[in-house]
>>> print(open('work.txt').read())   # compact mmCIF, C-alpha atoms
# COMPACT_ATOMS: atom_id res chain seq x y z
CA MET A 221 116.07 -63.90 -44.71
CA ALA A 222 113.42 -65.87 -46.56
CA PHE A 223 111.09 -68.81 -46.08
CA ALA A 224 111.69 -72.01 -48.04
CA SER A 225 109.63 -75.16 -48.37
CA VAL A 226 110.87 -78.32 -46.68
CA SER A 227 112.44 -80.57 -49.27
CA PRO A 228 111.12 -84.12 -49.89
CA LEU A 229 114.16 -85.44 -48.08
CA ALA A 230 112.69 -84.16 -44.79
CA ALA A 231 109.60 -86.39 -44.95
CA PRO A 232 109.85 -87.38 -41.24
CA TRP A 233 109.72 -83.69 -40.30
CA GLN A 234 106.74 -83.17 -42.55
CA ARG A 235 104.87 -85.92 -40.72
CA LEU A 236 105.42 -83.95 -37.50
CA GLY A 237 103.90 -80.83 -39.04
CA LEU A 238 106.99 -78.98 -40.30
CA ARG A 239 106.31 -77.21 -43.59
CA TYR A 240 108.70 -74.25 -43.91
CA LEU A 241 112.22 -73.31 -42.84
CA LEU A 242 113.61 -69.85 -42.20
CA SER A 243 116.82 -69.32 -44.15
CA PRO A 244 119.43 -66.80 -42.90
CA ALA A 245 120.17 -65.72 -46.45
CA ASP A 246 117.95 -64.76 -49.36
CA LEU A 247 116.96 -67.68 -51.56
CA PRO A 248 116.61 -67.82 -55.29
CA PRO A 249 113.16 -66.69 -56.45
CA GLU A 250 112.17 -70.17 -57.47
CA LEU A 251 112.73 -71.47 -53.91
CA SER A 252 111.61 -68.50 -51.81
CA LEU A 253 108.00 -68.10 -50.68
CA THR A 254 108.37 -64.34 -50.17
CA ALA A 255 109.61 -63.34 -53.59
CA GLU A 256 107.18 -62.32 -56.34
CA GLN A 257 106.95 -64.97 -59.01
CA SER A 258 105.55 -64.98 -62.46
CA ALA A 259 102.93 -67.43 -63.57
CA GLY A 260 105.55 -69.41 -65.36
CA ALA A 261 107.79 -69.62 -62.34
CA ALA A 262 104.91 -70.59 -60.10
CA SER A 263 103.93 -73.39 -62.43
CA ALA A 264 107.49 -74.62 -62.51
CA ARG A 265 107.60 -75.11 -58.74
CA PRO A 266 107.86 -78.80 -57.88
CA ALA A 267 104.92 -80.43 -56.19
CA ARG A 268 105.05 -80.98 -52.49
CA PHE A 269 105.78 -84.35 -51.11
CA GLY A 270 102.78 -86.59 -51.27
CA GLN A 271 100.80 -84.36 -53.77
CA PRO A 272 100.52 -84.87 -57.51
CA ALA A 273 101.78 -82.19 -59.81
CA SER A 274 99.13 -79.79 -61.12
CA PRO A 275 98.93 -78.11 -64.49
CA ALA A 276 100.23 -74.58 -64.84
CA GLY A 277 97.94 -71.91 -63.40
CA GLN A 278 95.88 -74.43 -61.41
CA ARG A 279 95.95 -75.03 -57.71
CA PRO A 280 96.28 -78.59 -56.47
CA PRO A 281 93.19 -79.90 -54.72
CA VAL A 282 93.19 -79.60 -50.96
CA SER A 283 92.35 -82.74 -49.08
CA GLY A 284 91.74 -83.29 -45.44
CA ARG A 285 95.30 -84.62 -45.00
CA ALA A 286 98.50 -83.48 -46.74
CA ASP A 287 100.12 -86.79 -46.03
CA ALA A 288 99.37 -89.96 -44.15
CA GLY A 289 99.02 -89.22 -40.46
CA VAL A 290 99.48 -85.43 -40.89
CA PRO A 291 96.44 -83.17 -40.29
CA SER A 292 95.81 -80.48 -42.88
CA ARG A 293 96.59 -76.85 -42.02
CA GLU A 294 93.97 -75.51 -44.44
CA PRO A 295 91.90 -72.95 -42.47
CA HIS A 296 88.25 -73.76 -41.89
CA ARG A 297 85.88 -71.88 -44.20
CA PRO A 298 82.11 -71.73 -43.63
CA ALA A 299 79.97 -73.42 -46.19
CA VAL A 300 78.60 -71.10 -48.85
CA GLY A 301 74.85 -71.34 -49.24
CA PRO A 302 71.83 -69.20 -49.91
CA ALA A 303 71.86 -67.81 -46.35
CA ASN A 304 75.49 -66.65 -46.16
CA GLY A 305 76.91 -67.00 -49.61
CA PRO A 306 78.22 -64.16 -51.78
CA SER A 307 75.03 -64.23 -53.85
CA ALA A 308 72.77 -63.78 -50.82
CA ARG A 309 70.86 -60.51 -50.68
CA PRO A 310 69.34 -58.95 -47.55
CA THR A 311 65.61 -59.33 -47.34
CA ALA A 312 63.86 -56.06 -48.03
CA ARG A 313 62.00 -54.76 -45.01
CA PRO A 314 58.53 -53.34 -45.49
CA SER A 315 58.32 -49.60 -45.30
CA ALA A 316 57.27 -48.21 -41.94
CA ARG A 317 55.06 -45.66 -43.71
CA PRO A 318 51.98 -47.06 -45.39
CA SER A 319 51.69 -46.61 -49.11
CA GLY A 320 48.99 -44.51 -50.64
CA PRO A 321 48.27 -40.90 -51.41
CA GLN A 322 48.13 -39.96 -47.75
CA HIS A 323 50.05 -41.36 -44.82
CA ALA A 324 48.45 -41.90 -41.43
CA ASP A 325 50.75 -39.37 -39.73
CA GLU A 326 49.69 -36.71 -42.25
CA GLN A 327 46.01 -36.96 -41.35
CA PRO A 328 46.35 -35.38 -37.87
CA ARG A 329 48.51 -32.66 -39.41
CA GLU A 330 45.88 -31.80 -41.98
CA ALA A 331 43.17 -31.83 -39.32
CA ALA A 332 45.22 -29.49 -37.14
CA ARG A 333 45.93 -27.25 -40.12
CA ALA A 334 42.23 -27.11 -41.02
CA GLU A 335 41.35 -26.24 -37.41
CA ALA A 336 43.97 -23.49 -37.31
CA GLU A 337 42.67 -22.02 -40.57
CA TRP A 338 39.02 -22.14 -39.46
CA ARG A 339 37.32 -18.76 -39.15
CA PRO A 340 33.82 -18.14 -37.71
CA LEU A 341 31.05 -17.06 -40.02
CA ALA A 342 29.42 -13.76 -39.15
CA PRO A 343 25.72 -14.13 -38.17
CA ALA A 344 24.75 -11.61 -40.85
CA LEU A 345 25.77 -14.23 -43.43
CA TRP A 346 23.66 -17.03 -41.93
CA PRO A 347 20.37 -18.19 -43.43
CA ALA A 348 17.30 -16.57 -41.90
CA PRO A 349 16.24 -19.62 -39.79
CA TRP A 350 19.64 -19.70 -38.08
CA GLN A 351 19.61 -15.97 -37.46
CA GLU A 352 16.16 -16.24 -35.89
CA ARG A 353 17.28 -19.12 -33.68
CA LEU A 354 20.32 -17.16 -32.50
CA ALA A 355 18.12 -14.20 -31.62
CA ARG A 356 15.97 -16.47 -29.41
CA THR A 357 18.90 -18.16 -27.67
CA ARG A 358 20.37 -16.69 -24.52
CA PRO A 359 24.14 -16.75 -23.98
CA GLY A 360 25.69 -19.28 -21.62
CA LEU A 361 29.05 -20.61 -20.56
CA VAL A 362 28.11 -24.20 -21.47
CA ALA A 363 26.03 -25.06 -24.52
CA TRP A 364 24.10 -28.31 -24.96
CA THR A 365 23.18 -29.96 -28.23
CA TYR A 366 21.78 -33.25 -29.51
CA TRP A 367 20.40 -34.43 -32.85
CA ASN A 368 16.72 -33.63 -32.21
CA LEU A 369 17.30 -30.30 -30.45
CA GLY A 370 16.46 -28.26 -33.55
CA SER A 371 13.13 -30.03 -33.94
CA ASP A 372 12.35 -29.75 -30.21
CA LEU A 373 12.92 -25.99 -30.37
CA CYS A 374 10.88 -25.44 -33.55
CA ASP A 375 8.08 -28.05 -33.49
CA GLY A 376 5.71 -28.27 -30.57
CA GLY A 377 4.56 -31.78 -31.48
CA GLN A 378 7.92 -33.49 -31.90
CA PRO A 379 7.78 -37.13 -30.57
CA GLY A 380 9.68 -37.48 -27.30
CA LYS A 381 9.96 -33.73 -26.77
CA ALA A 382 8.11 -33.77 -23.42
CA GLU A 383 10.27 -36.60 -22.08
CA ARG A 384 13.47 -34.86 -23.12
CA GLY A 385 12.25 -31.61 -21.53
CA LEU A 386 11.70 -33.35 -18.20
CA PHE A 387 15.08 -35.02 -18.48
CA PHE A 388 16.95 -31.74 -18.86
CA ARG A 389 15.03 -29.97 -16.12
CA ARG A 390 16.00 -32.75 -13.74
CA LEU A 391 19.61 -32.79 -14.94
CA LEU A 392 20.16 -29.04 -14.61
CA GLN A 393 18.57 -29.12 -11.18
CA ASP A 394 20.88 -31.95 -10.09
CA LEU A 395 23.92 -30.03 -11.37
CA GLY A 396 22.86 -27.02 -9.35
CA HIS A 397 24.67 -24.35 -11.37
CA PRO A 398 23.61 -20.70 -11.30
CA GLN A 399 21.10 -19.40 -13.83
CA GLY A 400 22.73 -18.37 -17.09
CA THR A 401 25.37 -21.11 -16.94
CA HIS A 402 23.74 -23.37 -19.54
CA THR A 403 22.17 -22.74 -22.93
CA PHE A 404 20.91 -24.93 -25.80
CA TRP A 405 22.23 -24.46 -29.33
CA PRO A 406 21.25 -26.85 -32.18
CA VAL A 407 23.68 -28.44 -34.57
CA CYS A 408 20.93 -28.84 -37.19
CA LEU A 409 17.59 -27.20 -38.02
CA PRO A 410 14.61 -28.55 -39.95
CA ASP A 411 14.26 -27.33 -43.53
CA ALA A 412 11.01 -26.52 -45.32
CA GLY A 413 10.22 -30.23 -45.50
CA GLN A 414 10.95 -30.67 -41.77
CA ALA A 415 14.10 -32.70 -42.50
CA LEU A 416 17.01 -31.88 -40.24
CA GLN A 417 19.92 -30.16 -41.97
CA ALA A 418 23.22 -29.92 -40.13
CA ASP A 419 25.55 -26.96 -40.49
CA ALA A 420 28.83 -27.36 -38.59
CA GLN A 421 30.15 -23.96 -39.67
CA ILE A 422 27.15 -22.09 -38.24
CA PHE A 423 27.12 -24.34 -35.15
CA TRP A 424 30.67 -23.44 -34.09
CA SER A 425 30.21 -19.81 -35.12
CA GLY A 426 27.06 -19.68 -32.97
CA LEU A 427 28.97 -20.94 -29.92
CA LEU A 428 31.30 -17.99 -30.30
CA ALA A 429 28.37 -15.58 -30.63
CA LEU A 430 26.77 -17.06 -27.51
CA LYS A 431 30.04 -16.71 -25.56
CA ALA A 432 30.02 -20.43 -24.76
CA ARG A 433 33.38 -21.66 -23.48
CA GLY A 434 32.33 -25.31 -23.64
CA VAL A 435 29.80 -27.51 -25.37
CA ILE A 436 28.19 -30.81 -24.36
CA ILE A 437 27.37 -32.97 -27.40
CA MET A 438 24.97 -35.84 -26.75
CA GLY A 439 25.13 -38.76 -29.16
CA SER A 440 27.40 -39.72 -32.05
CA ALA A 441 24.93 -38.42 -34.66
CA ALA A 442 25.21 -34.90 -33.25
CA ALA A 443 29.01 -35.20 -32.91
CA ARG A 444 29.37 -36.19 -36.56
CA ALA A 445 27.00 -33.41 -37.61
CA ALA A 446 29.30 -30.97 -35.80
CA ALA A 447 32.25 -32.36 -37.82
CA LEU A 448 34.01 -33.39 -34.64
CA PRO A 449 37.13 -35.34 -35.65
CA GLY A 450 38.65 -38.40 -34.02
CA LYS A 451 37.18 -41.36 -32.22
CA LEU A 452 33.87 -40.62 -30.53
CA GLU A 453 33.50 -42.21 -27.10
CA PRO A 454 30.90 -41.39 -24.46
CA LEU A 455 32.08 -39.71 -21.26
CA SER A 456 35.15 -38.26 -22.97
CA HIS A 457 36.37 -34.74 -23.59
CA ARG A 458 38.67 -32.79 -25.89
CA VAL A 459 39.42 -29.26 -27.09
CA PHE A 460 38.21 -28.28 -30.55
CA ARG A 461 38.16 -24.86 -32.16
CA GLY A 462 38.97 -23.17 -28.90
CA ARG A 463 36.12 -24.83 -27.00
CA ARG A 464 36.12 -27.60 -24.42
CA VAL A 465 33.94 -30.42 -25.76
CA TRP A 466 32.33 -33.19 -23.69
CA ILE A 467 30.72 -36.18 -25.40
CA LEU A 468 27.79 -37.99 -23.76
CA ARG A 469 25.40 -40.72 -24.84
CA ASP A 470 22.30 -39.67 -26.72
CA VAL A 471 19.59 -38.30 -24.48
CA ASP A 472 17.07 -40.89 -25.67
CA LEU A 473 19.32 -43.68 -24.35
CA MET A 474 19.25 -42.28 -20.81
CA LEU A 475 15.58 -41.41 -20.37
CA ASP A 476 14.81 -44.66 -18.52
CA ASP A 477 18.33 -45.78 -17.56
CA ALA A 478 19.09 -44.80 -13.97
CA PHE A 479 22.60 -46.30 -14.04
CA ARG A 480 23.69 -44.35 -17.11
CA TYR A 481 22.09 -41.21 -15.74
CA ASP A 482 24.02 -41.44 -12.46
CA GLN A 483 27.21 -42.21 -14.37
CA MET A 484 26.72 -39.18 -16.62
CA LEU A 485 25.86 -36.91 -13.67
CA ALA A 486 29.04 -37.86 -11.81
CA PHE A 487 31.11 -37.28 -14.95
CA LEU A 488 29.64 -33.80 -15.51
CA GLN A 489 29.95 -32.76 -11.86
CA ASN A 490 33.64 -33.62 -11.89
CA ALA A 491 34.29 -32.06 -15.31
CA LEU A 492 32.44 -28.80 -14.77
CA GLN A 493 33.72 -28.26 -11.23
CA SER A 494 37.10 -27.06 -12.47
CA PHE A 495 35.74 -25.54 -15.68
CA LEU A 496 33.16 -23.09 -14.33
CA PRO A 497 34.17 -20.01 -12.33
CA ARG A 498 33.43 -20.08 -8.62
>>> encode(input="work.txt", output="C-alpha cells")
Amino acid sequence: MAFASVSPLAAPWQRLGLRYLLSPADLPPELSLTAEQSAGAASARPARFGQPASPAGQRPPVSGRADAGVPSREPHRPAVGPANGPSARPTARPSARPSGPQHADEQPREAARAEAEWRPLAPALWPAPWQERLARTRPGLVAWTYWNLGSDLCDGGQPGKAERGLFFRRLLQDLGHPQGTHTFWPVCLPDAGQALQADAQIFWSGLLALKARGVIIMGSAAARAAALPGKLEPLSHRVFRGRRVWILRDVDLMLDDAFRYDQMLAFLQNALQSFLPR
C-alpha cells in the first residue's frame, strides 16, 4: 500500500479537504509519497492544484489557504523572536557566592578554626605588669571587665573610679552571690605613659589561670579589645574559647540610669541562676 496525491481531476474533493488517497497496491516512485525520491524526482513532481510550480529544490510558498474556500492544513508554528527563537540564550544568573578573595561563608570557618587552634599563654611568659596584676587578683567563677578597669586598679586618682566602685558594690550586693563568686580581670593595662594597652591573648589566658568559667564584658570597647568576634549587642551571650561570655552596656552608661540598671540586673539574675552551682 502507498499514499498518493489527489489528482487535479478531483478538485471538488480537494475543496472538501481531501488531499491523499490510500492505494491498495504500491505506486511508482514518482507518484508515491512514501517512497524515497531523489532531488531530481522531487523537482519533477507536478504542482498541486491551485499552486504555481516551483523551481527545483525550492518549496512552494505556503499561504493561509491552499485553494479558494479550503482552509490550510499547515500546522501552527510559534513566531520566532528574541525571547523564544533559536538564537535566544538563557540569561546568566548571578553567582550565589560573592566574588572576592574570601567568601562570606568562609569567614565563620576561619574564625572557628582560629578559636580551635588558640592556646593559652603561660603566665611566666607575660610582661611583668600582667604577672603582678595576676598575683593580686583572686580566682572567681565569673570575671568582670570593662575598658577602664586596668586604670581603676592601678591609679588611685582615675576620674570616675569612686562612682564605678559604688556601682559594683551595689550590683554585687543585689546579685547576692556567695563570696568568691566574682572577680575583676582587666582586658588592658596602662603602659609607662598611662595609655591603656589591650592584650587579648593575656586576657583569655588569665581567665583560665583564675579558673573563671564565665566573663562579663561591659561595653563594646572592652569587647573589641578582647577580640570578641561577631556582632556585639548588649544583654546578649555566647561561648568563646571555652568560656560563657555575657555582654552588657558600659558601666559609665548605667551609673545614673535606673531603668538600664534594673534591666541589666534582671538579665544577670536569670543568666547566672543556671550557670552558677547551687
>>> closest_residue(input="work.txt", among="A:Asp472, A:Asp482, A:Asp477, A:Glu352", to="A:Ala382", atoms="all atoms listed in the file")
A:Asp472
>>> residues_around(input="work.txt", residues="A:Glu453", least_positions_apart="6", cutoff="10 Å", atoms="all atoms listed in the file", output="list of chain:residue names")
A:Gly439, A:Ser440, A:Trp466, A:Ile467, A:Leu468, A:Arg469
>>> closest_residue(input="work.txt", among="A:Val459, A:Leu485, A:Val465, A:Cys374", to="A:Pro410", atoms="only C-alpha atoms")
A:Cys374
>>> residues_around(input="work.txt", residues="A:Gly360", least_positions_apart="2", cutoff="7 Å", atoms="all atoms listed in the file", output="PyMOL selection string")
chain A and resi 358+362-363+400-403+430-432
>>> write_last_selection(input="work.txt", atoms="C-alpha atoms", output="PDB file, in the frame of the given file")
ATOM      1  CA  ARG A 358      20.370 -16.690 -24.520  1.00  0.00           C
ATOM      2  CA  VAL A 362      28.110 -24.200 -21.470  1.00  0.00           C
ATOM      3  CA  ALA A 363      26.030 -25.060 -24.520  1.00  0.00           C
ATOM      4  CA  GLY A 400      22.730 -18.370 -17.090  1.00  0.00           C
ATOM      5  CA  THR A 401      25.370 -21.110 -16.940  1.00  0.00           C
ATOM      6  CA  HIS A 402      23.740 -23.370 -19.540  1.00  0.00           C
ATOM      7  CA  THR A 403      22.170 -22.740 -22.930  1.00  0.00           C
ATOM      8  CA  LEU A 430      26.770 -17.060 -27.510  1.00  0.00           C
ATOM      9  CA  LYS A 431      30.040 -16.710 -25.560  1.00  0.00           C
ATOM     10  CA  ALA A 432      30.020 -20.430 -24.760  1.00  0.00           C
TER      11      ALA A 432
END
>>> atom_distance(input="work.txt", atom1="atom CA of A:Leu448", atom2="atom CA of A:Gln378")
26.2 Å
>>> residues_around(input="work.txt", residues="A:Gln417", least_positions_apart="4", cutoff="12 Å", atoms="all atoms listed in the file", output="PyMOL selection string")
chain A and resi 349-350+367-371+406-413+422-423+442+445-446
>>> residues_around(input="work.txt", residues="A:Phe388", least_positions_apart="2", cutoff="12 Å", atoms="all atoms listed in the file", output="JSON, numbers by chain")
{"A": [364, 365, 366, 369, 381, 382, 383, 384, 385, 386, 390, 391, 392, 393, 394, 395, 402, 403, 404, 438, 471, 472, 474, 475, 481, 485]}
>>> atom_distance(input="work.txt", atom1="atom CA of A:Gly462", atom2="atom CA of A:Gly396")
25.6 Å
>>> atom_distance(input="work.txt", atom1="atom CA of A:Ala447", atom2="atom CA of A:Gln421")
8.9 Å
>>> decode(input="work.txt", residues="stretch 390-432 of chain A", atoms="N, CA and C atoms", output="PDB file, in the first residue's frame")
ATOM      1  N   ARG A 390      27.113  47.932  94.867  1.00  0.00           N
ATOM      2  CA  ARG A 390      25.652  47.799  94.870  1.00  0.00           C
ATOM      3  C   ARG A 390      25.214  46.616  94.021  1.00  0.00           C
ATOM      4  N   LEU A 391      25.815  46.453  92.849  1.00  0.00           N
ATOM      5  CA  LEU A 391      25.414  45.391  91.933  1.00  0.00           C
ATOM      6  C   LEU A 391      25.681  44.011  92.538  1.00  0.00           C
ATOM      7  N   LEU A 392      26.873  43.813  93.089  1.00  0.00           N
ATOM      8  CA  LEU A 392      27.189  42.505  93.670  1.00  0.00           C
ATOM      9  C   LEU A 392      26.304  42.211  94.887  1.00  0.00           C
ATOM     10  N   GLN A 393      25.952  43.254  95.613  1.00  0.00           N
ATOM     11  CA  GLN A 393      25.047  43.056  96.741  1.00  0.00           C
ATOM     12  C   GLN A 393      23.658  42.665  96.263  1.00  0.00           C
ATOM     13  N   ASP A 394      23.184  43.297  95.178  1.00  0.00           N
ATOM     14  CA  ASP A 394      21.868  42.957  94.638  1.00  0.00           C
ATOM     15  C   ASP A 394      21.842  41.537  94.058  1.00  0.00           C
ATOM     16  N   LEU A 395      22.959  41.088  93.499  1.00  0.00           N
ATOM     17  CA  LEU A 395      23.014  39.729  92.967  1.00  0.00           C
ATOM     18  C   LEU A 395      22.988  38.704  94.099  1.00  0.00           C
ATOM     19  N   GLY A 396      23.651  39.029  95.187  1.00  0.00           N
ATOM     20  CA  GLY A 396      23.577  38.171  96.359  1.00  0.00           C
ATOM     21  C   GLY A 396      24.287  36.843  96.243  1.00  0.00           C
ATOM     22  N   HIS A 397      25.363  36.765  95.469  1.00  0.00           N
ATOM     23  CA  HIS A 397      26.097  35.511  95.327  1.00  0.00           C
ATOM     24  C   HIS A 397      27.132  35.358  96.447  1.00  0.00           C
ATOM     25  N   PRO A 398      27.530  34.150  96.734  1.00  0.00           N
ATOM     26  CA  PRO A 398      28.499  33.929  97.807  1.00  0.00           C
ATOM     27  C   PRO A 398      29.847  34.589  97.494  1.00  0.00           C
ATOM     28  N   GLN A 399      30.608  34.853  98.529  1.00  0.00           N
ATOM     29  CA  GLN A 399      31.932  35.448  98.368  1.00  0.00           C
ATOM     30  C   GLN A 399      32.837  34.482  97.591  1.00  0.00           C
ATOM     31  N   GLY A 400      33.617  35.029  96.703  1.00  0.00           N
ATOM     32  CA  GLY A 400      34.482  34.222  95.850  1.00  0.00           C
ATOM     33  C   GLY A 400      33.860  33.876  94.505  1.00  0.00           C
ATOM     34  N   THR A 401      32.602  34.275  94.298  1.00  0.00           N
ATOM     35  CA  THR A 401      31.959  34.001  93.008  1.00  0.00           C
ATOM     36  C   THR A 401      32.505  34.911  91.920  1.00  0.00           C
ATOM     37  N   HIS A 402      32.726  36.183  92.230  1.00  0.00           N
ATOM     38  CA  HIS A 402      33.094  37.178  91.229  1.00  0.00           C
ATOM     39  C   HIS A 402      34.535  37.647  91.442  1.00  0.00           C
ATOM     40  N   THR A 403      35.168  38.007  90.318  1.00  0.00           N
ATOM     41  CA  THR A 403      36.498  38.599  90.347  1.00  0.00           C
ATOM     42  C   THR A 403      36.579  39.616  89.215  1.00  0.00           C
ATOM     43  N   PHE A 404      37.605  40.469  89.229  1.00  0.00           N
ATOM     44  CA  PHE A 404      37.768  41.514  88.211  1.00  0.00           C
ATOM     45  C   PHE A 404      39.121  41.324  87.545  1.00  0.00           C
ATOM     46  N   TRP A 405      39.076  41.178  86.209  1.00  0.00           N
ATOM     47  CA  TRP A 405      40.286  40.928  85.435  1.00  0.00           C
ATOM     48  C   TRP A 405      40.309  41.878  84.240  1.00  0.00           C
ATOM     49  N   PRO A 406      41.344  42.732  84.111  1.00  0.00           N
ATOM     50  CA  PRO A 406      41.345  43.754  83.050  1.00  0.00           C
ATOM     51  C   PRO A 406      41.675  43.167  81.690  1.00  0.00           C
ATOM     52  N   VAL A 407      41.131  43.809  80.679  1.00  0.00           N
ATOM     53  CA  VAL A 407      41.462  43.455  79.302  1.00  0.00           C
ATOM     54  C   VAL A 407      42.601  44.312  78.772  1.00  0.00           C
ATOM     55  N   CYS A 408      42.921  45.401  79.476  1.00  0.00           N
ATOM     56  CA  CYS A 408      44.045  46.258  79.100  1.00  0.00           C
ATOM     57  C   CYS A 408      44.640  46.889  80.356  1.00  0.00           C
ATOM     58  N   LEU A 409      45.933  47.196  80.290  1.00  0.00           N
ATOM     59  CA  LEU A 409      46.651  47.829  81.396  1.00  0.00           C
ATOM     60  C   LEU A 409      47.349  49.090  80.883  1.00  0.00           C
ATOM     61  N   PRO A 410      47.526  50.074  81.727  1.00  0.00           N
ATOM     62  CA  PRO A 410      48.240  51.285  81.296  1.00  0.00           C
ATOM     63  C   PRO A 410      49.726  51.002  81.117  1.00  0.00           C
ATOM     64  N   ASP A 411      50.309  51.609  80.091  1.00  0.00           N
ATOM     65  CA  ASP A 411      51.744  51.465  79.861  1.00  0.00           C
ATOM     66  C   ASP A 411      52.488  52.535  80.656  1.00  0.00           C
ATOM     67  N   ALA A 412      53.766  52.722  80.332  1.00  0.00           N
ATOM     68  CA  ALA A 412      54.564  53.699  81.083  1.00  0.00           C
ATOM     69  C   ALA A 412      54.009  55.104  80.942  1.00  0.00           C
ATOM     70  N   GLY A 413      53.371  55.386  79.804  1.00  0.00           N
ATOM     71  CA  GLY A 413      52.779  56.708  79.603  1.00  0.00           C
ATOM     72  C   GLY A 413      51.335  56.785  80.035  1.00  0.00           C
ATOM     73  N   GLN A 414      50.854  55.776  80.775  1.00  0.00           N
ATOM     74  CA  GLN A 414      49.489  55.718  81.297  1.00  0.00           C
ATOM     75  C   GLN A 414      48.436  55.534  80.193  1.00  0.00           C
ATOM     76  N   ALA A 415      48.861  55.156  79.006  1.00  0.00           N
ATOM     77  CA  ALA A 415      47.894  54.843  77.942  1.00  0.00           C
ATOM     78  C   ALA A 415      47.511  53.370  78.044  1.00  0.00           C
ATOM     79  N   LEU A 416      46.248  53.086  77.899  1.00  0.00           N
ATOM     80  CA  LEU A 416      45.774  51.714  78.033  1.00  0.00           C
ATOM     81  C   LEU A 416      46.181  50.879  76.820  1.00  0.00           C
ATOM     82  N   GLN A 417      46.756  49.721  77.086  1.00  0.00           N
ATOM     83  CA  GLN A 417      47.183  48.802  76.046  1.00  0.00           C
ATOM     84  C   GLN A 417      46.458  47.472  76.250  1.00  0.00           C
ATOM     85  N   ALA A 418      45.683  47.095  75.256  1.00  0.00           N
ATOM     86  CA  ALA A 418      44.921  45.844  75.347  1.00  0.00           C
ATOM     87  C   ALA A 418      45.798  44.663  74.947  1.00  0.00           C
ATOM     88  N   ASP A 419      45.517  43.524  75.535  1.00  0.00           N
ATOM     89  CA  ASP A 419      46.198  42.281  75.186  1.00  0.00           C
ATOM     90  C   ASP A 419      45.190  41.139  75.317  1.00  0.00           C
ATOM     91  N   ALA A 420      44.569  40.773  74.201  1.00  0.00           N
ATOM     92  CA  ALA A 420      43.534  39.744  74.221  1.00  0.00           C
ATOM     93  C   ALA A 420      44.104  38.376  74.576  1.00  0.00           C
ATOM     94  N   GLN A 421      45.324  38.089  74.139  1.00  0.00           N
ATOM     95  CA  GLN A 421      45.918  36.790  74.435  1.00  0.00           C
ATOM     96  C   GLN A 421      46.106  36.597  75.946  1.00  0.00           C
ATOM     97  N   ILE A 422      46.658  37.615  76.606  1.00  0.00           N
ATOM     98  CA  ILE A 422      46.852  37.518  78.056  1.00  0.00           C
ATOM     99  C   ILE A 422      45.505  37.552  78.783  1.00  0.00           C
ATOM    100  N   PHE A 423      44.548  38.306  78.264  1.00  0.00           N
ATOM    101  CA  PHE A 423      43.235  38.386  78.905  1.00  0.00           C
ATOM    102  C   PHE A 423      42.588  37.008  78.993  1.00  0.00           C
ATOM    103  N   TRP A 424      42.509  36.283  77.879  1.00  0.00           N
ATOM    104  CA  TRP A 424      41.873  34.968  77.888  1.00  0.00           C
ATOM    105  C   TRP A 424      42.727  33.942  78.624  1.00  0.00           C
ATOM    106  N   SER A 425      44.034  34.077  78.545  1.00  0.00           N
ATOM    107  CA  SER A 425      44.900  33.177  79.310  1.00  0.00           C
ATOM    108  C   SER A 425      44.728  33.414  80.808  1.00  0.00           C
ATOM    109  N   GLY A 426      44.541  34.688  81.215  1.00  0.00           N
ATOM    110  CA  GLY A 426      44.330  34.996  82.621  1.00  0.00           C
ATOM    111  C   GLY A 426      43.033  34.428  83.157  1.00  0.00           C
ATOM    112  N   LEU A 427      41.980  34.393  82.328  1.00  0.00           N
ATOM    113  CA  LEU A 427      40.719  33.796  82.771  1.00  0.00           C
ATOM    114  C   LEU A 427      40.902  32.322  83.105  1.00  0.00           C
ATOM    115  N   LEU A 428      41.715  31.649  82.308  1.00  0.00           N
ATOM    116  CA  LEU A 428      41.996  30.245  82.595  1.00  0.00           C
ATOM    117  C   LEU A 428      42.777  30.103  83.897  1.00  0.00           C
ATOM    118  N   ALA A 429      43.765  30.985  84.101  1.00  0.00           N
ATOM    119  CA  ALA A 429      44.558  30.925  85.334  1.00  0.00           C
ATOM    120  C   ALA A 429      43.721  31.244  86.566  1.00  0.00           C
ATOM    121  N   LEU A 430      42.700  32.086  86.401  1.00  0.00           N
ATOM    122  CA  LEU A 430      41.836  32.451  87.527  1.00  0.00           C
ATOM    123  C   LEU A 430      40.685  31.478  87.724  1.00  0.00           C
ATOM    124  N   LYS A 431      40.627  30.440  86.886  1.00  0.00           N
ATOM    125  CA  LYS A 431      39.570  29.415  86.962  1.00  0.00           C
ATOM    126  C   LYS A 431      38.178  30.010  86.767  1.00  0.00           C
ATOM    127  N   ALA A 432      38.097  31.040  85.940  1.00  0.00           N
ATOM    128  CA  ALA A 432      36.810  31.672  85.641  1.00  0.00           C
ATOM    129  C   ALA A 432      36.099  30.884  84.539  1.00  0.00           C
TER     130      ALA A 432
END
